[in-house]
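Scroll down for the structure; my scribbles are underneath it.
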Amino acid sequence: MVNKGSKKTKQAINREILESRILRSAEIIFAEKGFSGASMERIAERANISKQNLIYYFANKDLLYKRVLQETLGAWIDKLQLLELSEADPETSIRHYVKAKMQLSRDYPYGSKVFAHEIIGGAPVLRPYLVSDLKPQFERDIKVVNSWINKGFINKIDPAYFFFMIWATTQSYADFSTQMEILMGQSQLQEESYSRAERAVTELILHALGASKK
């Protein structure tokens with residue numbers, strides 16, 4: 001057993017780097033081709049490794065797809081915890097929350113698309129994790145928003161739909177980026193586009209909640 005204070009070996013670090021490269025490559029292939037259209041050969045080629053090396057890390061496409069979804073959901077849940085762990089006022093907490101969700105759309109657009117396809121398909125792989133991991137966090141965050149309402153910090157709303165609205169809005173900048181690029185005359189959404197979107201979404205939500213100090 002490795003002590004918590006011990007440093008990672010160079011081999012462990014290299015393994016993590018390669019696994020990350022494989023997962024990012026798999027995200028792209030699954031997002032572009034769907035699960036049925038993706039292949040281990042395509043993913044290996046994208047990751048610039050041999051198929052044999054890929055299989056050493058992930059024995060088959062099913063395992064790789066499951067891992068991509070778990071990684072995406074894990075990153076999402078980490079951001080969800082911002083409200084639960086925050087001791088800041090509602091305005092500051094919401095600003096940080098929207099910013100974090102927008103960053104996920106900007107930094108992991110392909111992972112978001114894979115996640116969306118899985119949900120649209122009825123979540124056959126993710127359903128157990130949505131129940132065991134996402135739902136408890138969701139319920140904790142609802143309690144946070146309800147506490148703001150009870151203290152008179154924000155207007156009375158349905159907390160569940162408050163979160164659904166934020167998720168739908170921020171994830172659109174990943175899942176429907178092509179539509180936005182066409183309408184905005186961009187070949188790819190630029191950093192300024194995400195910044196403007198973050199400001200617009202945040203201000204709309206804060207004003208609707210009566211939580212903005214501006």
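Ordered as shown in the structure tokens, chains take letters A, B, and onward, while each chain numbers its residues from 1 and ligands are numbered from 1 in the order shown.
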Polymer residues at most 12 Å from Val201 of chain A, only C-alpha atoms, same-chain spacing of 3 or more positions, as number ranges by chain = A: 94-95, 97-99, 101-102, 165-173, 194-198, 204-208
Could the residues of segment 20-116 of chain A that have an atom at most 12 Å from segment 174-185 of chain A be listed as CSV, each with its closest atom pair and the distance in Å to one decimal, counting only C-alpha atoms and ordered by chain and ascending residue number?
```
residue,atom,partner,partner_atom,distance
A:Ala31,CA,A:Asp175,CA,9.7
A:Glu32,CA,A:Asp175,CA,11.6
A:Lys101,CA,A:Ala174,CA,10.6
A:Met102,CA,A:Ala174,CA,8.9
A:Gln103,CA,A:Ala174,CA,10.0
A:Leu104,CA,A:Ala174,CA,8.5
A:Ser105,CA,A:Ala174,CA,4.8
A:Arg106,CA,A:Ala174,CA,6.7
A:Asp107,CA,A:Ala174,CA,9.0
A:Tyr108,CA,A:Ala174,CA,7.8
A:Pro109,CA,A:Ala174,CA,4.6
A:Tyr110,CA,A:Ala174,CA,7.4
A:Gly111,CA,A:Ala174,CA,8.8
A:Ser112,CA,A:Ala174,CA,6.4
A:Lys113,CA,A:Asp175,CA,5.2
A:Val114,CA,A:Asp175,CA,8.9
A:Phe115,CA,A:Asp175,CA,9.4
A:Ala116,CA,A:Asp175,CA,7.3
```
Just-selected residues, C-alpha atoms written as a PDB file, in the first residue's frame:
```
ATOM      1  CA  ALA A  31     -19.412  12.529 -29.856  1.00  0.00           C
ATOM      2  CA  GLU A  32     -18.814  12.555 -33.608  1.00  0.00           C
ATOM      3  CA  LYS A 101     -20.762  25.069 -15.530  1.00  0.00           C
ATOM      4  CA  MET A 102     -19.850  27.287 -18.471  1.00  0.00           C
ATOM      5  CA  GLN A 103     -16.211  26.261 -18.111  1.00  0.00           C
ATOM      6  CA  LEU A 104     -17.241  22.613 -18.390  1.00  0.00           C
ATOM      7  CA  SER A 105     -19.022  23.357 -21.671  1.00  0.00           C
ATOM      8  CA  ARG A 106     -16.005  25.255 -22.945  1.00  0.00           C
ATOM      9  CA  ASP A 107     -13.329  22.766 -21.818  1.00  0.00           C
ATOM     10  CA  TYR A 108     -15.183  19.462 -22.356  1.00  0.00           C
ATOM     11  CA  PRO A 109     -17.638  20.033 -25.216  1.00  0.00           C
ATOM     12  CA  TYR A 110     -17.279  16.514 -26.581  1.00  0.00           C
ATOM     13  CA  GLY A 111     -17.821  14.912 -23.185  1.00  0.00           C
ATOM     14  CA  SER A 112     -20.990  16.971 -22.835  1.00  0.00           C
ATOM     15  CA  LYS A 113     -22.242  15.767 -26.222  1.00  0.00           C
ATOM     16  CA  VAL A 114     -21.593  12.128 -25.301  1.00  0.00           C
ATOM     17  CA  PHE A 115     -23.433  12.683 -22.014  1.00  0.00           C
ATOM     18  CA  ALA A 116     -26.370  14.272 -23.855  1.00  0.00           C
TER      19      ALA A 116
END
```
For segment 28-30 of chain A: contacts at 12 Å, only C-alpha atoms, fewer than 3 positions along chain excluded, given as a ChimeraX atom specification = /A:21-25,33-47,61-62,64-69,108-118
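Shortest separation to Glu19 of chain A among A:Ile49, A:Leu126, A:Ile142, A:Ile154 occurs at residue A:Ile49, atoms counted being only C-alpha atoms.
One distance worth recording is that between atom CA of Ser212 of chain A and atom CA of Asp89 of chain A, which is 10.5 Å.
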Atom CA of Ala200 of chain A sits from atom CA of Ile149 of chain A at a separation of 23.0 Å
Taking into account only C-alpha atoms, which residue in the set A:Glu91, A:Asp78, A:Leu63, A:Phe164 is nearest to Val125 of chain A?
-> A:Leu63
Find the residues near Phe153 of chain A: any atom within 10 Å, counting only C-alpha atoms, skip ones fewer than 6 places away on the same chain, and give them as a PyMOL selection string.
-> chain A and resi 89-91+145-147+209-211
Residue subset to file, keeping all heavy atoms, as a compact mmCIF listing (two decimals), in the first residue's frame:
```
# COMPACT_ATOMS: atom_id res chain seq x y z
N ASP A 89 -22.63 34.46 0.04
CA ASP A 89 -24.01 34.88 -0.18
C ASP A 89 -24.51 34.29 -1.50
O ASP A 89 -23.72 33.85 -2.34
CB ASP A 89 -24.08 36.40 -0.23
CG ASP A 89 -23.21 36.96 -1.34
OD1 ASP A 89 -21.99 37.13 -1.10
OD2 ASP A 89 -23.73 37.20 -2.44
N PRO A 90 -25.84 34.25 -1.70
CA PRO A 90 -26.39 33.64 -2.92
C PRO A 90 -25.83 34.21 -4.21
O PRO A 90 -25.54 33.45 -5.15
CB PRO A 90 -27.89 33.92 -2.79
CG PRO A 90 -28.13 33.99 -1.33
CD PRO A 90 -26.90 34.64 -0.77
N GLU A 91 -25.68 35.52 -4.29
CA GLU A 91 -25.18 36.11 -5.53
C GLU A 91 -23.80 35.57 -5.88
O GLU A 91 -23.55 35.13 -7.01
CB GLU A 91 -25.13 37.63 -5.44
CG GLU A 91 -24.58 38.25 -6.72
CD GLU A 91 -24.47 39.77 -6.67
OE1 GLU A 91 -24.76 40.34 -5.62
OE2 GLU A 91 -24.09 40.36 -7.70
N VAL A 145 -30.70 25.99 -1.70
CA VAL A 145 -31.54 27.02 -2.31
C VAL A 145 -32.78 27.28 -1.45
O VAL A 145 -33.20 28.43 -1.27
CB VAL A 145 -31.94 26.63 -3.75
CG1 VAL A 145 -32.88 27.67 -4.35
CG2 VAL A 145 -30.69 26.48 -4.62
N ASN A 146 -33.36 26.21 -0.91
CA ASN A 146 -34.52 26.40 -0.04
C ASN A 146 -34.16 27.20 1.21
O ASN A 146 -34.97 28.00 1.70
CB ASN A 146 -35.09 25.03 0.38
CG ASN A 146 -36.08 24.48 -0.63
OD1 ASN A 146 -36.81 25.24 -1.28
ND2 ASN A 146 -36.12 23.17 -0.77
N SER A 147 -32.94 27.03 1.70
CA SER A 147 -32.52 27.81 2.87
C SER A 147 -32.40 29.28 2.53
O SER A 147 -32.73 30.15 3.34
CB SER A 147 -31.18 27.28 3.41
OG SER A 147 -30.09 27.63 2.55
N LEU A 209 -34.11 36.14 -9.54
CA LEU A 209 -34.16 35.71 -8.16
C LEU A 209 -34.21 36.86 -7.17
O LEU A 209 -34.45 36.65 -5.97
CB LEU A 209 -32.91 34.85 -7.83
CG LEU A 209 -32.77 33.52 -8.55
CD1 LEU A 209 -31.46 32.86 -8.18
CD2 LEU A 209 -33.93 32.60 -8.21
N GLY A 210 -33.97 38.08 -7.67
CA GLY A 210 -33.90 39.22 -6.76
C GLY A 210 -32.66 39.18 -5.90
O GLY A 210 -32.64 39.68 -4.78
N ALA A 211 -31.60 38.56 -6.45
CA ALA A 211 -30.36 38.35 -5.67
C ALA A 211 -29.22 39.26 -6.10
O ALA A 211 -28.15 39.23 -5.49
CB ALA A 211 -29.92 36.90 -5.77
```
Between A:Leu73, A:Ala26, A:Phe162, A:Arg15, which has the minimum distance to Val131 of chain A (counting only C-alpha atoms)?
-> A:Leu73
Those in chain A with helix (DSSP H, G or I) from DSSP, as a PyMOL selection string = chain A and resi 10-37+40-47+51-57+61-85+90-107+109-120+127-150+159-175+177-184+191-209
Record the distance separating atom CA of Lys79 of chain A and atom CA of Arg199 of chain A, expressed in Å with one decimal.
-> 17.9 Å
